[in-house]
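Asks: Got a file for you: run_31.csv, CSV, C-alpha atoms and all ligand atoms.
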chain,number,residue,atom,x,y,z
A,13,MET,CA,0.0,0.0,0.0
A,14,MET,CA,2.8,2.4,0.9
A,15,LYS,CA,4.4,1.7,-2.5
A,16,THR,CA,1.9,4.1,-4.1
A,17,PHE,CA,3.6,6.9,-2.1
A,18,ARG,CA,6.4,7.6,-4.6
A,19,VAL,CA,9.3,9.8,-3.9
A,20,SER,CA,11.9,10.0,-6.7
A,21,PRO,CA,15.5,9.0,-5.9
A,22,ALA,CA,16.5,12.5,-6.6
A,23,GLN,CA,14.0,13.9,-4.1
A,24,ARG,CA,15.1,11.3,-1.5
A,25,ASP,CA,18.7,12.3,-2.0
A,26,ILE,CA,17.9,16.0,-1.5
A,27,PHE,CA,16.0,15.3,1.7
A,28,ASN,CA,18.7,13.0,3.0
A,29,LYS,CA,21.3,15.7,2.2
A,30,MET,CA,19.3,18.2,4.2
A,31,LEU,CA,18.9,15.8,7.1
A,32,ALA,CA,22.7,15.4,7.4
A,33,LEU,CA,23.0,19.2,8.2
A,34,ASP,CA,22.3,21.0,11.4
A,35,ASP,CA,21.0,24.3,12.8
A,36,PHE,CA,17.9,24.9,10.7
A,37,ALA,CA,15.4,27.7,10.4
A,38,VAL,CA,12.2,26.4,8.8
A,39,PHE,CA,10.4,29.3,7.1
A,40,ILE,CA,6.7,29.0,6.3
A,41,HIS,CA,4.6,31.4,4.3
A,42,ARG,CA,3.2,34.6,5.7
A,43,SER,CA,-0.5,34.4,6.8
A,44,PRO,CA,0.2,30.9,8.0
A,45,ASP,CA,-2.5,28.2,7.4
A,46,GLY,CA,-2.9,24.7,8.8
A,47,ASP,CA,-0.7,23.2,6.1
A,48,ALA,CA,2.2,25.6,6.7
A,49,LEU,CA,2.0,25.3,10.5
A,50,GLY,CA,1.4,21.6,10.6
A,51,SER,CA,4.1,20.6,8.2
A,52,GLY,CA,6.4,23.2,9.8
A,53,ALA,CA,5.8,21.8,13.3
A,54,ALA,CA,6.3,18.3,12.1
A,55,LEU,CA,9.6,19.0,10.3
A,56,VAL,CA,11.0,20.9,13.2
A,57,LYS,CA,10.1,18.1,15.6
A,58,ALA,CA,11.5,15.4,13.3
A,59,LEU,CA,14.8,17.3,13.0
A,60,ARG,CA,15.0,17.8,16.8
A,61,GLY,CA,14.3,14.1,17.2
A,62,MET,CA,17.5,13.5,15.2
A,63,GLY,CA,19.4,15.6,17.7
A,64,LYS,CA,19.4,18.7,15.5
A,65,THR,CA,18.7,22.3,16.3
A,66,ALA,CA,15.7,23.6,14.4
A,67,GLN,CA,13.3,26.5,14.8
A,68,LEU,CA,10.0,27.3,13.0
A,69,VAL,CA,9.8,30.8,11.6
A,70,CYS,CA,7.0,32.9,10.2
A,71,SER,CA,6.8,36.6,9.4
A,72,ASP,CA,3.2,36.7,10.7
A,73,GLU,CA,1.6,35.8,14.1
A,74,VAL,CA,-0.1,32.4,14.4
A,75,PRO,CA,-3.9,32.9,14.5
A,76,ASP,CA,-5.3,32.0,17.9
A,77,ARG,CA,-7.4,29.3,16.6
A,78,LEU,CA,-4.4,27.5,15.0
A,79,ALA,CA,-2.0,28.0,17.9
A,80,PHE,CA,-2.6,24.5,19.1
A,81,ILE,CA,-0.6,23.3,16.1
A,82,THR,CA,2.4,25.2,17.3
A,83,ASP,CA,1.8,24.0,20.9
A,84,GLY,CA,0.6,27.5,21.9
A,85,SER,CA,3.3,29.6,20.3
A,86,ARG,CA,2.0,32.5,18.4
A,87,ASP,CA,5.2,34.4,17.9
A,88,LEU,CA,7.5,32.6,15.4
A,89,SER,CA,10.1,35.2,15.0
A,90,LEU,CA,13.6,34.2,13.9
A,91,ARG,CA,16.1,33.8,16.7
A,92,GLY,CA,19.8,34.1,15.9
A,93,GLU,CA,21.4,33.3,12.5
A,94,PRO,CA,20.7,29.8,11.2
A,95,SER,CA,23.1,27.7,9.2
A,96,VAL,CA,20.5,26.1,7.0
A,97,VAL,CA,17.4,27.9,5.6
A,98,VAL,CA,14.5,25.7,4.7
A,99,SER,CA,11.1,26.9,3.3
A,100,LEU,CA,7.9,24.9,3.5
A,101,ASP,CA,4.7,25.4,1.5
A,102,VAL,CA,6.3,28.6,0.1
A,103,ALA,CA,5.7,28.8,-3.7
A,104,THR,CA,7.5,32.1,-4.3
A,105,PRO,CA,10.2,33.9,-2.3
A,106,ALA,CA,8.0,36.9,-1.7
A,107,LEU,CA,5.6,34.7,0.3
A,108,ILE,CA,8.3,34.4,3.0
A,109,GLY,CA,7.0,37.9,3.9
A,110,ASP,CA,8.7,41.3,3.9
A,111,ARG,CA,10.0,40.9,7.4
A,112,TYR,CA,12.3,38.1,6.3
A,113,SER,CA,12.9,39.1,2.7
A,114,ALA,CA,16.6,39.1,3.4
A,115,TYR,CA,16.3,35.3,3.5
A,116,ALA,CA,14.3,35.0,0.3
A,117,ASP,CA,17.3,34.5,-1.9
A,118,LYS,CA,19.1,32.4,0.6
A,119,VAL,CA,16.8,29.4,0.8
A,120,ASP,CA,18.9,26.2,0.8
A,121,PHE,CA,16.0,23.7,0.7
A,122,CYS,CA,12.4,24.2,-0.3
A,123,ILE,CA,9.7,21.5,0.2
A,124,ASP,CA,6.4,22.3,-1.4
A,125,HIS,CA,3.4,21.1,-3.4
A,126,HIS,CA,2.6,24.2,-5.5
A,127,TYR,CA,3.1,23.6,-9.2
A,128,THR,CA,3.8,27.3,-9.6
A,129,ASN,CA,6.9,27.0,-7.3
A,130,THR,CA,9.4,29.3,-8.9
A,131,MET,CA,12.4,27.0,-8.0
A,132,TYR,CA,14.0,29.8,-6.1
A,133,ALA,CA,15.9,27.6,-3.6
A,134,ALA,CA,19.2,25.9,-4.1
A,135,HIS,CA,17.4,22.5,-3.8
A,136,THR,CA,13.7,22.0,-4.3
A,137,ILE,CA,11.4,19.1,-3.6
A,138,VAL,CA,8.1,19.9,-5.1
A,139,MET,CA,5.3,17.4,-5.6
A,140,PRO,CA,2.6,19.2,-7.5
A,141,ARG,CA,0.0,16.4,-7.2
A,142,ALA,CA,0.3,16.2,-3.4
A,143,SER,CA,-2.7,17.6,-1.5
A,144,SER,CA,-0.5,19.5,0.9
A,145,THR,CA,3.0,20.0,2.0
A,146,GLY,CA,2.1,17.7,4.9
A,147,GLU,CA,1.6,14.9,2.4
A,148,VAL,CA,4.9,15.6,0.8
A,149,LEU,CA,6.6,15.4,4.2
A,150,TYR,CA,4.7,12.2,5.0
A,151,ARG,CA,6.2,10.6,1.9
A,152,LEU,CA,9.7,12.0,2.6
A,153,PHE,CA,9.6,10.8,6.2
A,154,PHE,CA,8.6,7.3,4.9
A,155,ALA,CA,11.3,7.3,2.3
A,156,SER,CA,14.0,8.3,4.8
A,157,GLY,CA,12.9,6.0,7.5
A,158,ILE,CA,11.7,8.7,10.0
A,159,GLU,CA,9.1,7.0,12.2
A,160,ILE,CA,5.9,8.8,12.7
A,161,ASP,CA,4.9,9.2,16.3
A,162,ASN,CA,1.7,10.6,17.8
A,163,TYR,CA,3.1,14.1,17.7
A,164,LEU,CA,4.1,14.0,14.0
A,165,ALA,CA,0.9,12.3,13.1
A,166,GLU,CA,-1.2,15.1,14.6
A,167,LYS,CA,0.8,17.8,12.9
A,168,LEU,CA,0.7,16.1,9.5
A,169,TYR,CA,-3.0,15.4,9.9
A,170,CYS,CA,-3.6,19.1,10.6
A,171,ALA,CA,-1.7,19.9,7.4
A,172,VAL,CA,-3.6,17.6,5.2
A,173,THR,CA,-7.1,18.3,6.6
A,174,SER,CA,-6.4,22.0,6.3
A,175,ASP,CA,-5.4,22.0,2.6
A,176,THR,CA,-8.1,19.5,1.6
A,177,GLY,CA,-10.9,21.5,3.4
A,178,CYS,CA,-11.5,18.5,5.6
A,179,PHE,CA,-11.1,16.0,2.7
A,180,ARG,CA,-13.7,17.8,0.5
A,181,TYR,CA,-11.6,19.3,-2.3
A,182,ASN,CA,-10.6,17.8,-5.6
A,183,ASN,CA,-7.0,17.3,-4.4
A,184,VAL,CA,-8.2,14.3,-2.3
A,185,THR,CA,-7.0,11.0,-3.7
A,186,PRO,CA,-7.2,7.4,-2.4
A,187,ALA,CA,-3.6,8.0,-1.2
A,188,VAL,CA,-4.7,11.0,0.9
A,189,HIS,CA,-7.3,8.9,2.6
A,190,ARG,CA,-4.8,6.1,3.2
A,191,MET,CA,-2.3,8.5,4.7
A,192,ALA,CA,-5.1,10.0,6.9
A,193,ALA,CA,-6.1,6.5,8.0
A,194,ASP,CA,-2.5,5.8,9.0
A,195,LEU,CA,-2.2,9.2,10.9
A,196,VAL,CA,-5.5,8.8,12.6
A,197,SER,CA,-4.5,5.3,13.8
A,198,HIS,CA,-2.1,7.0,16.3
A,199,GLY,CA,-5.2,7.9,18.3
A,200,LEU,CA,-5.9,11.5,17.1
A,201,ASP,CA,-8.9,13.3,18.2
A,202,THR,CA,-10.0,14.3,14.7
A,203,ALA,CA,-13.3,15.8,15.7
A,204,TRP,CA,-11.5,18.2,18.1
A,205,ILE,CA,-8.8,19.0,15.5
A,206,ASN,CA,-11.4,19.7,12.7
A,207,ARG,CA,-13.6,21.8,15.0
A,208,ARG,CA,-10.5,23.9,15.8
A,209,ILE,CA,-9.5,24.3,12.1
A,210,PHE,CA,-12.9,24.6,10.4
A,211,GLU,CA,-15.6,25.6,12.8
A,212,MET,CA,-14.3,27.6,15.7
A,213,ALA,CA,-14.5,31.3,15.1
A,214,SER,CA,-14.5,34.6,17.1
A,215,ILE,CA,-17.6,36.7,17.1
A,216,GLU,CA,-15.6,39.2,15.1
A,217,ARG,CA,-15.0,36.6,12.4
A,218,LEU,CA,-18.7,35.7,12.1
A,219,ARG,CA,-19.5,39.4,11.7
A,220,LEU,CA,-16.8,39.6,9.0
A,221,GLU,CA,-18.3,36.6,7.2
A,222,SER,CA,-21.7,38.4,7.2
A,223,ARG,CA,-20.1,41.5,5.8
A,224,VAL,CA,-18.4,39.6,3.1
A,225,ALA,CA,-21.7,37.9,2.2
A,226,GLU,CA,-23.3,41.3,2.1
A,227,LEU,CA,-20.7,42.7,-0.3
A,228,THR,CA,-20.7,39.8,-2.6
A,229,GLN,CA,-21.5,40.7,-6.2
A,230,LEU,CA,-22.5,38.3,-9.0
A,231,TYR,CA,-21.6,38.5,-12.7
A,232,GLU,CA,-22.0,36.5,-15.9
A,233,ASN,CA,-25.4,35.0,-14.9
A,234,GLY,CA,-24.2,34.2,-11.4
A,235,ARG,CA,-21.1,32.2,-12.6
A,236,VAL,CA,-18.6,34.8,-11.4
A,237,ALA,CA,-18.7,36.1,-7.8
A,238,LEU,CA,-16.5,38.6,-6.0
A,239,SER,CA,-16.4,40.1,-2.6
A,240,TYR,CA,-14.0,42.3,-0.7
A,241,LEU,CA,-13.2,43.8,2.6
A,242,THR,CA,-11.6,47.2,3.4
A,243,LEU,CA,-9.5,48.0,6.4
A,244,GLU,CA,-12.2,50.4,7.4
A,245,ASP,CA,-14.7,47.5,7.6
A,246,MET,CA,-12.3,45.4,9.5
A,247,HIS,CA,-11.7,48.2,12.1
A,248,ALA,CA,-15.4,48.8,12.4
A,249,LEU,CA,-16.0,45.1,13.1
A,250,LYS,CA,-13.0,45.0,15.5
A,251,ALA,CA,-11.5,42.2,13.4
A,252,ASP,CA,-7.8,41.8,12.6
A,253,GLU,CA,-5.9,40.1,9.8
A,254,THR,CA,-5.9,36.7,11.5
A,255,ASP,CA,-9.8,36.8,11.2
A,256,THR,CA,-9.7,36.9,7.3
A,257,ASP,CA,-8.3,33.5,6.5
A,258,GLY,CA,-10.5,31.5,4.1
A,259,LEU,CA,-13.2,34.2,3.5
A,260,VAL,CA,-13.1,33.4,-0.2
A,261,SER,CA,-15.2,30.4,0.7
A,262,ILE,CA,-18.2,32.7,1.1
A,263,PRO,CA,-18.6,33.8,-2.6
A,264,ARG,CA,-17.4,30.3,-3.5
A,265,ARG,CA,-20.3,28.7,-1.7
A,266,ILE,CA,-23.0,30.2,-3.9
A,267,ASP,CA,-24.7,27.5,-5.9
A,268,SER,CA,-24.3,29.0,-9.4
A,269,VAL,CA,-20.7,30.1,-9.0
A,270,MET,CA,-17.8,28.7,-11.0
A,271,LEU,CA,-15.2,31.4,-10.5
A,272,SER,CA,-14.8,33.4,-7.3
A,273,ALA,CA,-12.6,35.9,-5.7
A,274,PHE,CA,-12.2,37.6,-2.4
A,275,ILE,CA,-10.1,40.8,-2.1
A,276,ARG,CA,-8.9,42.5,1.0
A,277,GLN,CA,-6.8,45.4,2.0
A,278,THR,CA,-3.9,44.5,4.3
A,279,SER,CA,-2.4,46.7,7.0
A,280,ASP,CA,0.9,47.0,5.1
A,281,GLY,CA,-0.9,48.9,2.4
A,282,GLN,CA,-1.3,46.0,-0.1
A,283,VAL,CA,-4.4,44.5,-1.6
A,284,ARG,CA,-4.5,40.7,-1.6
A,285,ALA,CA,-6.8,38.5,-3.8
A,286,SER,CA,-7.8,34.9,-3.3
A,287,LEU,CA,-9.2,33.1,-6.4
A,288,ARG,CA,-11.2,29.8,-6.6
A,289,SER,CA,-12.4,27.8,-9.5
A,290,GLU,CA,-15.0,25.1,-9.6
A,291,CYS,CA,-14.2,24.0,-13.1
A,292,ASP,CA,-11.2,23.5,-15.4
A,293,LEU,CA,-10.6,27.2,-15.6
A,294,ASN,CA,-7.1,27.6,-14.1
A,295,VAL,CA,-7.0,30.4,-11.5
A,296,ALA,CA,-3.2,30.0,-10.9
A,297,GLU,CA,-2.8,31.3,-14.4
A,298,ILE,CA,-5.0,34.3,-13.6
A,299,ALA,CA,-3.1,34.9,-10.4
A,300,ALA,CA,0.2,34.7,-12.4
A,301,LYS,CA,-0.9,37.7,-14.5
A,302,PHE,CA,-0.6,39.7,-11.2
A,303,GLY,CA,2.6,38.0,-10.1
A,304,GLY,CA,0.9,35.5,-7.9
A,305,GLY,CA,0.4,31.7,-8.1
A,306,GLY,CA,-1.0,28.7,-6.4
A,307,HIS,CA,-3.0,25.7,-7.6
A,308,ALA,CA,-5.3,25.3,-10.6
A,309,ARG,CA,-8.4,25.6,-8.4
A,310,ALA,CA,-7.1,27.8,-5.6
A,311,ALA,CA,-4.6,30.6,-6.1
A,312,GLY,CA,-3.8,34.1,-4.9
A,313,CYS,CA,-1.9,37.3,-5.7
A,314,SER,CA,-1.2,40.8,-4.4
A,315,LEU,CA,-2.2,43.9,-6.2
A,316,GLY,CA,-0.3,47.0,-5.5
A,317,THR,CA,-3.2,49.4,-6.0
A,318,ASP,CA,-6.0,50.9,-4.0
A,319,ILE,CA,-8.8,48.5,-3.2
A,320,SER,CA,-11.4,49.9,-5.5
A,321,SER,CA,-9.2,49.7,-8.6
A,322,ALA,CA,-8.1,46.2,-7.5
A,323,VAL,CA,-11.8,45.2,-7.3
A,324,ASP,CA,-12.6,46.7,-10.7
A,325,THR,CA,-9.5,45.1,-12.3
A,326,MET,CA,-10.3,41.7,-10.9
A,327,ILE,CA,-14.0,41.9,-11.9
A,328,ASP,CA,-12.9,42.7,-15.5
A,329,THR,CA,-10.3,40.0,-15.5
A,330,LEU,CA,-12.6,37.3,-14.1
A,331,ARG,CA,-15.4,38.2,-16.5
A,332,LEU,CA,-13.1,38.1,-19.5
A,333,GLU,CA,-11.5,34.8,-18.4
A,334,TRP,CA,-15.0,33.3,-17.8
A,335,ARG,CA,-16.2,34.3,-21.3
A,336,LYS,CA,-13.0,33.0,-22.9
A,337,TYR,CA,-13.5,29.7,-21.0
A,338,VAL,CA,-17.2,29.5,-22.1
A,339,ASP,CA,-16.3,30.3,-25.7
A,340,SER,CA,-13.6,27.6,-25.8
A,341,HIS,CA,-16.0,25.0,-24.4
A,342,SER,CA,-19.0,25.7,-26.7
A,343,GLY,CA,-19.7,24.3,-30.1
A,401,MN,MN,-0.2,24.1,1.2
Would you mind writing the structure in this file as structure tokens?
Replies:
Amino acid sequence: MMKTFRVSPAQRDIFNKMLALDDFAVFIHRSPDGDALGSGAALVKALRGMGKTAQLVCSDEVPDRLAFITDGSRDLSLRGEPSVVVSLDVATPALIGDRYSAYADKVDFCIDHHYTNTMYAAHTIVMPRASSTGEVLYRLFFASGIEIDNYLAEKLYCAVTSDTGCFRYNNVTPAVHRMAADLVSHGLDTAWINRRIFEMASIERLRLESRVAELTQLYENGRVALSYLTLEDMHALKADETDTDGLVSIPRRIDSVMLSAFIRQTSDGQVRASLRSECDLNVAEIAAKFGGGGHARAAGCSLGTDISSAVDTMIDTLRLEWRKYVDSHSG
């Protein structure tokens, strides 16, 4: 059964080469999600289990709701100067975050599952068909003989459940379920984990969701949906950036919608867009037009303009892409 979890000899060699080193900083992407945190916590623990020094680093604070993944730590600031720089779940160097941009061109090893990975690291292990970076690590641990204990099982489960939307998205394969079965067999409380990751929310978050629903606009006979959030709205609702994760799922939920976007203003003066597709229309390619990337059905990008022009630009782009998609699929 495990034989279906294929790691190429070259990938195994890169991973083993990494494991032979010491004094690691494991960088995960800004606005950390369950995959970044879960795979990060797992890799750091596995390295420490081998007697190595390793720290998990993120430019942004860990959202309260996900802090159980980092055993309560919310501040993942870099301490000291590491010998080995690793990035996990980071498709482009910019996603390391402005705070640690000095390390963006110094990444020794990158482990990822985004097919848009720009291969910015000295050594890259990318498995584009893997559901999550957690799944990539699971395969690498197996290939390198790292035994999965309860702790690693819980972190890797958090990673995979997070990036599959609790095993609902189209990146779920039989191999994902087999891996999950193996992880859960360590005695994980999956109901508790999934409640933390998918259900628990602050009252501020619920009010944000309602605002995002209120601001949702539909185009192209309801096939295209877009919503947005300004900093003003966030302040008015007493919400902060850690409350905004996954809000794109609100326009995406609408029954007629095939292409959706959620746009928000960030406190660093940027505008960030999340894109989702429910068909073969590749949103990573749309995100790439704006310097972003991701997966075919889930992608993101930053727009360096004010929010109202960003919203207008994105509406125009999505409508155009939708029409092109329909034209190419008719007749
Ligand atoms: Mn991921």
Asks: Using all atoms listed in the file, tabulate the residues of segment 212-251 of chain A lying at most 12 Å from any atom of segment 283-286 of chain A, each with its closest atom pair and that distance in Å to one decimal, by chain and increasing residue number, as JSON lines.
Replies:
{"residue": "A:Ala237", "atom": "CA", "partner": "A:Ser286", "partner_atom": "CA", "distance": 11.9}
{"residue": "A:Leu238", "atom": "CA", "partner": "A:Ser286", "partner_atom": "CA", "distance": 9.8}
{"residue": "A:Ser239", "atom": "CA", "partner": "A:Ala285", "partner_atom": "CA", "distance": 9.8}
{"residue": "A:Tyr240", "atom": "CA", "partner": "A:Ala285", "partner_atom": "CA", "distance": 8.7}
{"residue": "A:Leu241", "atom": "CA", "partner": "A:Val283", "partner_atom": "CA", "distance": 9.8}
{"residue": "A:Thr242", "atom": "CA", "partner": "A:Val283", "partner_atom": "CA", "distance": 9.2}
{"residue": "A:Leu243", "atom": "CA", "partner": "A:Val283", "partner_atom": "CA", "distance": 10.1}
Asks: Hey, which bits of chain A sit within 12 Å of ligand MN 401 (chain A), and for each residue what's the closest pair of atoms and how far apart in Å (one decimal), counting only C-alpha atoms and all ligand atoms, rows by chain and increasing number, as a Markdown table?
Replies:
| residue | atom | partner | partner_atom | distance |
| --- | --- | --- | --- | --- |
| A:Ile40 | CA | A:MN401 | MN | 9.9 |
| A:His41 | CA | A:MN401 | MN | 9.3 |
| A:Arg42 | CA | A:MN401 | MN | 11.9 |
| A:Ser43 | CA | A:MN401 | MN | 11.7 |
| A:Pro44 | CA | A:MN401 | MN | 9.6 |
| A:Asp45 | CA | A:MN401 | MN | 7.8 |
| A:Gly46 | CA | A:MN401 | MN | 8.1 |
| A:Asp47 | CA | A:MN401 | MN | 5.0 |
| A:Ala48 | CA | A:MN401 | MN | 6.2 |
| A:Leu49 | CA | A:MN401 | MN | 9.6 |
| A:Gly50 | CA | A:MN401 | MN | 9.9 |
| A:Ser51 | CA | A:MN401 | MN | 8.9 |
| A:Gly52 | CA | A:MN401 | MN | 10.9 |
| A:Ser99 | CA | A:MN401 | MN | 11.8 |
| A:Leu100 | CA | A:MN401 | MN | 8.5 |
| A:Asp101 | CA | A:MN401 | MN | 5.1 |
| A:Val102 | CA | A:MN401 | MN | 8.0 |
| A:Ala103 | CA | A:MN401 | MN | 9.0 |
| A:Ile123 | CA | A:MN401 | MN | 10.3 |
| A:Asp124 | CA | A:MN401 | MN | 7.3 |
| A:His125 | CA | A:MN401 | MN | 6.6 |
| A:His126 | CA | A:MN401 | MN | 7.3 |
| A:Tyr127 | CA | A:MN401 | MN | 10.9 |
| A:Thr128 | CA | A:MN401 | MN | 12.0 |
| A:Asn129 | CA | A:MN401 | MN | 11.4 |
| A:Val138 | CA | A:MN401 | MN | 11.2 |
| A:Met139 | CA | A:MN401 | MN | 11.0 |
| A:Pro140 | CA | A:MN401 | MN | 10.4 |
| A:Arg141 | CA | A:MN401 | MN | 11.4 |
| A:Ala142 | CA | A:MN401 | MN | 9.2 |
| A:Ser143 | CA | A:MN401 | MN | 7.5 |
| A:Ser144 | CA | A:MN401 | MN | 4.6 |
| A:Thr145 | CA | A:MN401 | MN | 5.3 |
| A:Gly146 | CA | A:MN401 | MN | 7.7 |
| A:Glu147 | CA | A:MN401 | MN | 9.5 |
| A:Val148 | CA | A:MN401 | MN | 9.9 |
| A:Leu149 | CA | A:MN401 | MN | 11.4 |
| A:Leu168 | CA | A:MN401 | MN | 11.6 |
| A:Cys170 | CA | A:MN401 | MN | 11.2 |
| A:Ala171 | CA | A:MN401 | MN | 7.6 |
| A:Val172 | CA | A:MN401 | MN | 8.4 |
| A:Thr173 | CA | A:MN401 | MN | 10.5 |
| A:Ser174 | CA | A:MN401 | MN | 8.3 |
| A:Asp175 | CA | A:MN401 | MN | 5.8 |
| A:Thr176 | CA | A:MN401 | MN | 9.2 |
| A:Gly177 | CA | A:MN401 | MN | 11.2 |
| A:Asn183 | CA | A:MN401 | MN | 11.1 |
| A:Gly306 | CA | A:MN401 | MN | 8.9 |
| A:His307 | CA | A:MN401 | MN | 9.4 |
| A:Ala310 | CA | A:MN401 | MN | 10.4 |
| A:Ala311 | CA | A:MN401 | MN | 10.7 |
Asks: Keeping only C-alpha atoms, write the selected residues to a file as a short mmCIF file (atom, residue, chain, number, x, y, z; two decimals), keeping the file's coordinate frame.
Replies:
data_model
loop_
_atom_site.label_atom_id
_atom_site.label_comp_id
_atom_site.auth_asym_id
_atom_site.auth_seq_id
_atom_site.Cartn_x
_atom_site.Cartn_y
_atom_site.Cartn_z
CA ILE A 40 6.70 29.00 6.30
CA HIS A 41 4.60 31.40 4.30
CA ARG A 42 3.20 34.60 5.70
CA SER A 43 -0.50 34.40 6.80
CA PRO A 44 0.20 30.90 8.00
CA ASP A 45 -2.50 28.20 7.40
CA GLY A 46 -2.90 24.70 8.80
CA ASP A 47 -0.70 23.20 6.10
CA ALA A 48 2.20 25.60 6.70
CA LEU A 49 2.00 25.30 10.50
CA GLY A 50 1.40 21.60 10.60
CA SER A 51 4.10 20.60 8.20
CA GLY A 52 6.40 23.20 9.80
CA SER A 99 11.10 26.90 3.30
CA LEU A 100 7.90 24.90 3.50
CA ASP A 101 4.70 25.40 1.50
CA VAL A 102 6.30 28.60 0.10
CA ALA A 103 5.70 28.80 -3.70
CA ILE A 123 9.70 21.50 0.20
CA ASP A 124 6.40 22.30 -1.40
CA HIS A 125 3.40 21.10 -3.40
CA HIS A 126 2.60 24.20 -5.50
CA TYR A 127 3.10 23.60 -9.20
CA THR A 128 3.80 27.30 -9.60
CA ASN A 129 6.90 27.00 -7.30
CA VAL A 138 8.10 19.90 -5.10
CA MET A 139 5.30 17.40 -5.60
CA PRO A 140 2.60 19.20 -7.50
CA ARG A 141 0.00 16.40 -7.20
CA ALA A 142 0.30 16.20 -3.40
CA SER A 143 -2.70 17.60 -1.50
CA SER A 144 -0.50 19.50 0.90
CA THR A 145 3.00 20.00 2.00
CA GLY A 146 2.10 17.70 4.90
CA GLU A 147 1.60 14.90 2.40
CA VAL A 148 4.90 15.60 0.80
CA LEU A 149 6.60 15.40 4.20
CA LEU A 168 0.70 16.10 9.50
CA CYS A 170 -3.60 19.10 10.60
CA ALA A 171 -1.70 19.90 7.40
CA VAL A 172 -3.60 17.60 5.20
CA THR A 173 -7.10 18.30 6.60
CA SER A 174 -6.40 22.00 6.30
CA ASP A 175 -5.40 22.00 2.60
CA THR A 176 -8.10 19.50 1.60
CA GLY A 177 -10.90 21.50 3.40
CA ASN A 183 -7.00 17.30 -4.40
CA GLY A 306 -1.00 28.70 -6.40
CA HIS A 307 -3.00 25.70 -7.60
CA ALA A 310 -7.10 27.80 -5.60
CA ALA A 311 -4.60 30.60 -6.10
#
Asks: Hey, which of A:Arg331, A:Arg111, A:Arg77, A:Lys167 ends up closest to Val56 of chain A? Count only C-alpha atoms.
Replies: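 Among A:Arg331, A:Arg111, A:Arg77, A:Lys167, it is A:Lys167 that comes nearest to Val56 of chain A.
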Asks: Neighbours of Thr317 of chain A within 10 Å (only C-alpha atoms; same-chain residues fewer than 4 positions away dropped), as an mmCIF file with C-alpha atoms, keeping the file's coordinate frame?
Replies:
data_model
loop_
_atom_site.group_PDB
_atom_site.id
_atom_site.type_symbol
_atom_site.label_atom_id
_atom_site.label_comp_id
_atom_site.auth_asym_id
_atom_site.auth_seq_id
_atom_site.Cartn_x
_atom_site.Cartn_y
_atom_site.Cartn_z
ATOM 1 C CA GLN A 277 -6.800 45.400 2.000
ATOM 2 C CA GLY A 281 -0.900 48.900 2.400
ATOM 3 C CA GLN A 282 -1.300 46.000 -0.100
ATOM 4 C CA VAL A 283 -4.400 44.500 -1.600
ATOM 5 C CA ARG A 284 -4.500 40.700 -1.600
ATOM 6 C CA SER A 321 -9.200 49.700 -8.600
ATOM 7 C CA ALA A 322 -8.100 46.200 -7.500
ATOM 8 C CA VAL A 323 -11.800 45.200 -7.300
ATOM 9 C CA THR A 325 -9.500 45.100 -12.300
#
Asks: What separation in Å, quoted to one decimal, exists between atom CA of Ile108 of chain A and atom CA of Gly304 of chain A?
Replies: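 Going from atom CA of Ile108 of chain A over to atom CA of Gly304 of chain A, I get 13.2 Å.
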Asks: Find, counting only C-alpha atoms, the residue in A:Leu78, A:Ala58, A:Ala273, A:Met246 that gets nearest to Glu211 of chain A.
Replies: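 So, comparing all the options, the nearest one is A:Leu78.
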Asks: What's the separation between atom CA of Asp318 of chain A and atom CA of Gly303 of chain A, in Å to one decimal place?
Replies: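 Between these atoms lies a distance of 16.7 Å.
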Asks: Fewer than 6 positions away in the same chain doesn't count, so skip those; otherwise give me all residues within 12 Å of Ala133 of chain A, counting all atoms listed in the file, as a PyMOL selection string.
Replies: chain A and resi 26+96-100+102-105+115-124
Asks: Which one of A:Trp334, A:Ile275, A:Leu227, A:Tyr169 sits closest to Ile319 of chain A if you count only C-alpha atoms?
Replies: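 The answer is A:Ile275, which sits nearest to Ile319 of chain A.
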Asks: Between A:Glu232, A:Met270, A:Arg264, A:Thr278, single out the one closest to His247 of chain A, counting all atoms listed in the file.
Replies: A:Thr278
Asks: So that I can see what lies close to Phe153 of chain A, please list as a ChimeraX atom specification the residues with an atom at most 12 Å from it, counting only C-alpha atoms and leaving out residues fewer than 2 positions away in the same chain.
Replies: /A:17-19,23-24,27-28,31,51,54-55,57-59,146-151,155-161,164-165,168
